Amino acid sequence: MHAHIPEITYTLEPNLSPQAFQQLLIASTLAERRPAHDLQRLDRMLRNATLIITARNGPEPDAQLVGIARSVTDFAYCCYLSDLAVHQAFQHRGIGRQLIHQTRLHAGPETSVILIAAPKAIPFYEAIGMPRHPAAFIYRTES
Ligand SMILES: CC(C)(COP(=O)(O)OP(=O)(O)OC[C@H]1O[C@@H](n2cnc3c(N)ncnc32)[C@H](O)[C@@H]1OP(=O)(O)O)[C@@H](O)C(=O)NCCC(=O)NCCS
């Protein structure tokens, strides 16, 4: 007999808690590159985002959080995908690819999805065939 393997469930979760976001940042390693120690700032990042898509390990609302795509978008022209993170124990199962697909679907066909890859995620974006932009500019934050 096969053990039951729960389906990964993708959901819009505008009210995701900063504590859950913090845990996933740590479990995915993205905490190295985000202000994961500052719950108040994580809360602002979540409350002012316009598109938060989660991946959970099962259909229940409280199933384990294993992935997130957090974006700021106008749903009309542009969508900045700021944070894509998948729990380390759940990487290489297609969750990151599906979170990007869901982000594009929800942002809509008129909306460009734009992101800056973390250095170690560059091979992932290459593998999923995301086009590169040669003319991106950025004012970086200091923290
Ligand atoms: C980058 C990240 C989101 C990818 O998520 P994932 O769920 O593991 O990716 P997927 O399983 O959907 O991978 C999709 C494809 O990319 C490839 N891929 C994934 N990670 C890769 C890597 N590090 N190097 C090379 N290829 C990679 C997979 O092989 C897969 O291709 P295939 O299905 O044709 O074999 C995840 O590794 C992560 O959270 N990393 C740490 C945080 C981070 O850097 N986030 C990005 C911030 S910009």
# chains A, B, ... in the order shown; residues from 1 in each chain; ligands from 1
$ residues_near_ligand --ligand "ligand 1" --cutoff "9 Å" --atoms "only C-alpha atoms and all ligand atoms" --output "NGL selection string"
:A and (25 or 27-33 or 67-69 or 81-88 or 90-100 or 115-129)
$ atom_distance --atom1 "CA of Gln23 (chain A)" --atom2 "CA of Cys78 (chain A)"
28.3 Å
$ select_by_dssp --residues "region 50-95 of chain A" --states "strand (DSSP E or B)" --output "list in words"
Leu51, Ile52, Ile53, Thr54, Ala55, Arg56, Asn57, Leu65, Val66, Gly67, Ile68, Ala69, Arg70, Ser71, Val72, Thr73, Cys78, Cys79, Tyr80, Leu81, Ser82, Asp83, Leu84, Ala85 and Val86 of chain A
$ residues_around --residues "Asn57 (chain A)" --least-positions-apart "5" --cutoff "10 Å" --atoms "only C-alpha atoms" --output "PyMOL selection string"
chain A and resi 5-10+62-67+90
$ write_last_selection --atoms "C-alpha atoms" --output "compact mmCIF listing (two decimals), in the first residue's frame"
# COMPACT_ATOMS: atom_id res chain seq x y z
CA ILE A 5 1.08 11.96 0.06
CA PRO A 6 -0.81 15.23 0.58
CA GLU A 7 -1.25 17.53 -2.40
CA ILE A 8 0.45 20.91 -2.36
CA THR A 9 -2.29 23.54 -2.16
CA TYR A 10 -1.82 27.04 -3.65
CA ASP A 62 -3.40 25.24 8.76
CA ALA A 63 -1.38 22.67 6.76
CA GLN A 64 2.39 23.27 6.88
CA LEU A 65 3.46 26.41 4.99
CA VAL A 66 6.08 25.28 2.45
CA GLY A 67 6.24 28.12 -0.09
CA PHE A 90 10.29 20.76 -0.25
$ atom_distance --atom1 "CA of Pro18 (chain A)" --atom2 "CA of Ser143 (chain A)"
18.2 Å
$ closest_residue --among "A:Leu24, A:Phe137, A:Gln40, A:Pro109" --to "Tyr77 (chain A)" --atoms "only C-alpha atoms"
A:Pro109
$ select_by_dssp --residues "chain A" --states "alpha helix (DSSP H)" --output "MDAnalysis selection string"
chainID A and resid 18:28 39:47 95:107 122:127
$ residues_around --residues "Gln22 (chain A)" --least-positions-apart "6" --cutoff "10 Å" --atoms "only C-alpha atoms" --output "ChimeraX atom specification"
/A:30-31,34-39,42-43
$ atom_distance --atom1 "CA of Arg140 (chain A)" --atom2 "CA of Ser71 (chain A)"
17.4 Å
$ decode --residues "region 39-53 of chain A" --atoms "all heavy atoms" --output "PDB file, in the first residue's frame"
ATOM      1  N   LEU A  39      10.184  41.484  12.923  1.00  0.00           N
ATOM      2  CA  LEU A  39       8.790  41.069  12.674  1.00  0.00           C
ATOM      3  C   LEU A  39       7.896  42.232  12.280  1.00  0.00           C
ATOM      4  O   LEU A  39       6.988  42.086  11.466  1.00  0.00           O
ATOM      5  CB  LEU A  39       8.210  40.399  13.933  1.00  0.00           C
ATOM      6  CG  LEU A  39       8.491  38.905  14.088  1.00  0.00           C
ATOM      7  CD1 LEU A  39       8.006  38.429  15.456  1.00  0.00           C
ATOM      8  CD2 LEU A  39       7.827  38.088  12.969  1.00  0.00           C
ATOM      9  N   GLN A  40       8.191  43.397  12.841  1.00  0.00           N
ATOM     10  CA  GLN A  40       7.373  44.563  12.533  1.00  0.00           C
ATOM     11  C   GLN A  40       7.528  44.947  11.055  1.00  0.00           C
ATOM     12  O   GLN A  40       6.566  45.306  10.388  1.00  0.00           O
ATOM     13  CB  GLN A  40       7.806  45.700  13.459  1.00  0.00           C
ATOM     14  CG  GLN A  40       6.723  46.646  13.813  1.00  0.00           C
ATOM     15  CD  GLN A  40       6.961  48.023  13.201  1.00  0.00           C
ATOM     16  OE1 GLN A  40       8.083  48.338  12.754  1.00  0.00           O
ATOM     17  NE2 GLN A  40       5.922  48.821  13.164  1.00  0.00           N
ATOM     18  N   ARG A  41       8.760  44.823  10.554  1.00  0.00           N
ATOM     19  CA  ARG A  41       8.999  45.138   9.136  1.00  0.00           C
ATOM     20  C   ARG A  41       8.401  44.050   8.230  1.00  0.00           C
ATOM     21  O   ARG A  41       7.837  44.351   7.176  1.00  0.00           O
ATOM     22  CB  ARG A  41      10.500  45.290   8.896  1.00  0.00           C
ATOM     23  CG  ARG A  41      10.831  45.895   7.548  1.00  0.00           C
ATOM     24  CD  ARG A  41      12.289  46.287   7.499  1.00  0.00           C
ATOM     25  NE  ARG A  41      12.692  46.719   6.170  1.00  0.00           N
ATOM     26  CZ  ARG A  41      13.949  46.747   5.744  1.00  0.00           C
ATOM     27  NH1 ARG A  41      14.930  46.367   6.559  1.00  0.00           N
ATOM     28  NH2 ARG A  41      14.242  47.153   4.527  1.00  0.00           N
ATOM     29  N   LEU A  42       8.512  42.778   8.663  1.00  0.00           N
ATOM     30  CA  LEU A  42       7.879  41.695   7.897  1.00  0.00           C
ATOM     31  C   LEU A  42       6.376  41.934   7.806  1.00  0.00           C
ATOM     32  O   LEU A  42       5.747  41.687   6.770  1.00  0.00           O
ATOM     33  CB  LEU A  42       8.151  40.332   8.545  1.00  0.00           C
ATOM     34  CG  LEU A  42       9.595  39.834   8.577  1.00  0.00           C
ATOM     35  CD1 LEU A  42       9.633  38.419   9.162  1.00  0.00           C
ATOM     36  CD2 LEU A  42      10.237  39.847   7.198  1.00  0.00           C
ATOM     37  N   ASP A  43       5.785  42.412   8.895  1.00  0.00           N
ATOM     38  CA  ASP A  43       4.348  42.697   8.909  1.00  0.00           C
ATOM     39  C   ASP A  43       4.015  43.773   7.870  1.00  0.00           C
ATOM     40  O   ASP A  43       3.053  43.631   7.106  1.00  0.00           O
ATOM     41  CB  ASP A  43       3.929  43.142  10.314  1.00  0.00           C
ATOM     42  CG  ASP A  43       2.421  43.207  10.450  1.00  0.00           C
ATOM     43  OD1 ASP A  43       1.739  42.248  10.062  1.00  0.00           O
ATOM     44  OD2 ASP A  43       1.913  44.234  10.934  1.00  0.00           O
ATOM     45  N   ARG A  44       4.821  44.832   7.793  1.00  0.00           N
ATOM     46  CA  ARG A  44       4.584  45.877   6.773  1.00  0.00           C
ATOM     47  C   ARG A  44       4.751  45.307   5.374  1.00  0.00           C
ATOM     48  O   ARG A  44       4.008  45.654   4.448  1.00  0.00           O
ATOM     49  CB  ARG A  44       5.552  47.047   6.975  1.00  0.00           C
ATOM     50  CG  ARG A  44       5.033  48.094   7.942  1.00  0.00           C
ATOM     51  CD  ARG A  44       5.937  49.319   7.936  1.00  0.00           C
ATOM     52  NE  ARG A  44       7.224  49.031   8.552  1.00  0.00           N
ATOM     53  CZ  ARG A  44       8.399  49.487   8.150  1.00  0.00           C
ATOM     54  NH1 ARG A  44       8.478  50.279   7.086  1.00  0.00           N
ATOM     55  NH2 ARG A  44       9.506  49.172   8.790  1.00  0.00           N
ATOM     56  N   MET A  45       5.761  44.430   5.194  1.00  0.00           N
ATOM     57  CA  MET A  45       5.977  43.813   3.878  1.00  0.00           C
ATOM     58  C   MET A  45       4.733  43.028   3.445  1.00  0.00           C
ATOM     59  O   MET A  45       4.353  43.041   2.270  1.00  0.00           O
ATOM     60  CB  MET A  45       7.196  42.882   3.923  1.00  0.00           C
ATOM     61  CG  MET A  45       8.524  43.629   4.020  1.00  0.00           C
ATOM     62  SD  MET A  45       9.910  42.549   4.459  1.00  0.00           S
ATOM     63  CE  MET A  45      10.112  41.595   2.953  1.00  0.00           C
ATOM     64  N   LEU A  46       4.099  42.361   4.409  1.00  0.00           N
ATOM     65  CA  LEU A  46       2.920  41.549   4.079  1.00  0.00           C
ATOM     66  C   LEU A  46       1.681  42.411   3.880  1.00  0.00           C
ATOM     67  O   LEU A  46       0.942  42.242   2.906  1.00  0.00           O
ATOM     68  CB  LEU A  46       2.658  40.530   5.200  1.00  0.00           C
ATOM     69  CG  LEU A  46       3.696  39.411   5.313  1.00  0.00           C
ATOM     70  CD1 LEU A  46       3.579  38.722   6.669  1.00  0.00           C
ATOM     71  CD2 LEU A  46       3.542  38.403   4.177  1.00  0.00           C
ATOM     72  N   ARG A  47       1.456  43.363   4.806  1.00  0.00           N
ATOM     73  CA  ARG A  47       0.214  44.141   4.750  1.00  0.00           C
ATOM     74  C   ARG A  47       0.173  45.058   3.528  1.00  0.00           C
ATOM     75  O   ARG A  47      -0.898  45.360   3.015  1.00  0.00           O
ATOM     76  CB  ARG A  47       0.034  44.966   6.037  1.00  0.00           C
ATOM     77  CG  ARG A  47      -0.047  44.163   7.333  1.00  0.00           C
ATOM     78  CD  ARG A  47      -1.255  43.233   7.479  1.00  0.00           C
ATOM     79  NE  ARG A  47      -1.235  42.038   6.660  1.00  0.00           N
ATOM     80  CZ  ARG A  47      -0.652  40.876   6.986  1.00  0.00           C
ATOM     81  NH1 ARG A  47       0.006  40.752   8.103  1.00  0.00           N
ATOM     82  NH2 ARG A  47      -0.708  39.831   6.182  1.00  0.00           N
ATOM     83  N   ASN A  48       1.320  45.492   3.046  1.00  0.00           N
ATOM     84  CA  ASN A  48       1.344  46.387   1.878  1.00  0.00           C
ATOM     85  C   ASN A  48       1.605  45.652   0.578  1.00  0.00           C
ATOM     86  O   ASN A  48       1.630  46.274  -0.490  1.00  0.00           O
ATOM     87  CB  ASN A  48       2.362  47.501   2.089  1.00  0.00           C
ATOM     88  CG  ASN A  48       1.937  48.425   3.219  1.00  0.00           C
ATOM     89  OD1 ASN A  48       0.811  48.908   3.235  1.00  0.00           O
ATOM     90  ND2 ASN A  48       2.804  48.628   4.186  1.00  0.00           N
ATOM     91  N   ALA A  49       1.777  44.347   0.633  1.00  0.00           N
ATOM     92  CA  ALA A  49       1.845  43.559  -0.601  1.00  0.00           C
ATOM     93  C   ALA A  49       0.435  43.489  -1.189  1.00  0.00           C
ATOM     94  O   ALA A  49      -0.560  43.645  -0.473  1.00  0.00           O
ATOM     95  CB  ALA A  49       2.363  42.158  -0.297  1.00  0.00           C
ATOM     96  N   THR A  50       0.351  43.263  -2.494  1.00  0.00           N
ATOM     97  CA  THR A  50      -0.974  43.152  -3.111  1.00  0.00           C
ATOM     98  C   THR A  50      -1.253  41.743  -3.610  1.00  0.00           C
ATOM     99  O   THR A  50      -2.385  41.455  -4.001  1.00  0.00           O
ATOM    100  CB  THR A  50      -1.123  44.163  -4.263  1.00  0.00           C
ATOM    101  OG1 THR A  50       0.058  44.123  -5.056  1.00  0.00           O
ATOM    102  CG2 THR A  50      -1.337  45.566  -3.732  1.00  0.00           C
ATOM    103  N   LEU A  51      -0.245  40.886  -3.600  1.00  0.00           N
ATOM    104  CA  LEU A  51      -0.467  39.510  -4.065  1.00  0.00           C
ATOM    105  C   LEU A  51       0.427  38.568  -3.257  1.00  0.00           C
ATOM    106  O   LEU A  51       1.649  38.573  -3.419  1.00  0.00           O
ATOM    107  CB  LEU A  51      -0.155  39.417  -5.568  1.00  0.00           C
ATOM    108  CG  LEU A  51      -0.385  38.078  -6.259  1.00  0.00           C
ATOM    109  CD1 LEU A  51      -1.826  37.596  -6.095  1.00  0.00           C
ATOM    110  CD2 LEU A  51      -0.044  38.194  -7.745  1.00  0.00           C
ATOM    111  N   ILE A  52      -0.193  37.814  -2.355  1.00  0.00           N
ATOM    112  CA  ILE A  52       0.549  36.843  -1.545  1.00  0.00           C
ATOM    113  C   ILE A  52      -0.023  35.468  -1.849  1.00  0.00           C
ATOM    114  O   ILE A  52      -1.189  35.193  -1.568  1.00  0.00           O
ATOM    115  CB  ILE A  52       0.418  37.152  -0.045  1.00  0.00           C
ATOM    116  CG1 ILE A  52       1.002  38.529   0.286  1.00  0.00           C
ATOM    117  CG2 ILE A  52       1.128  36.063   0.785  1.00  0.00           C
ATOM    118  CD1 ILE A  52       0.724  38.999   1.711  1.00  0.00           C
ATOM    119  N   ILE A  53       0.789  34.625  -2.476  1.00  0.00           N
ATOM    120  CA  ILE A  53       0.363  33.267  -2.814  1.00  0.00           C
ATOM    121  C   ILE A  53       1.183  32.303  -1.961  1.00  0.00           C
ATOM    122  O   ILE A  53       2.413  32.412  -1.906  1.00  0.00           O
ATOM    123  CB  ILE A  53       0.564  32.981  -4.310  1.00  0.00           C
ATOM    124  CG1 ILE A  53      -0.245  33.982  -5.135  1.00  0.00           C
ATOM    125  CG2 ILE A  53       0.145  31.546  -4.644  1.00  0.00           C
ATOM    126  CD1 ILE A  53       0.013  33.931  -6.611  1.00  0.00           C
TER     127      ILE A  53
END
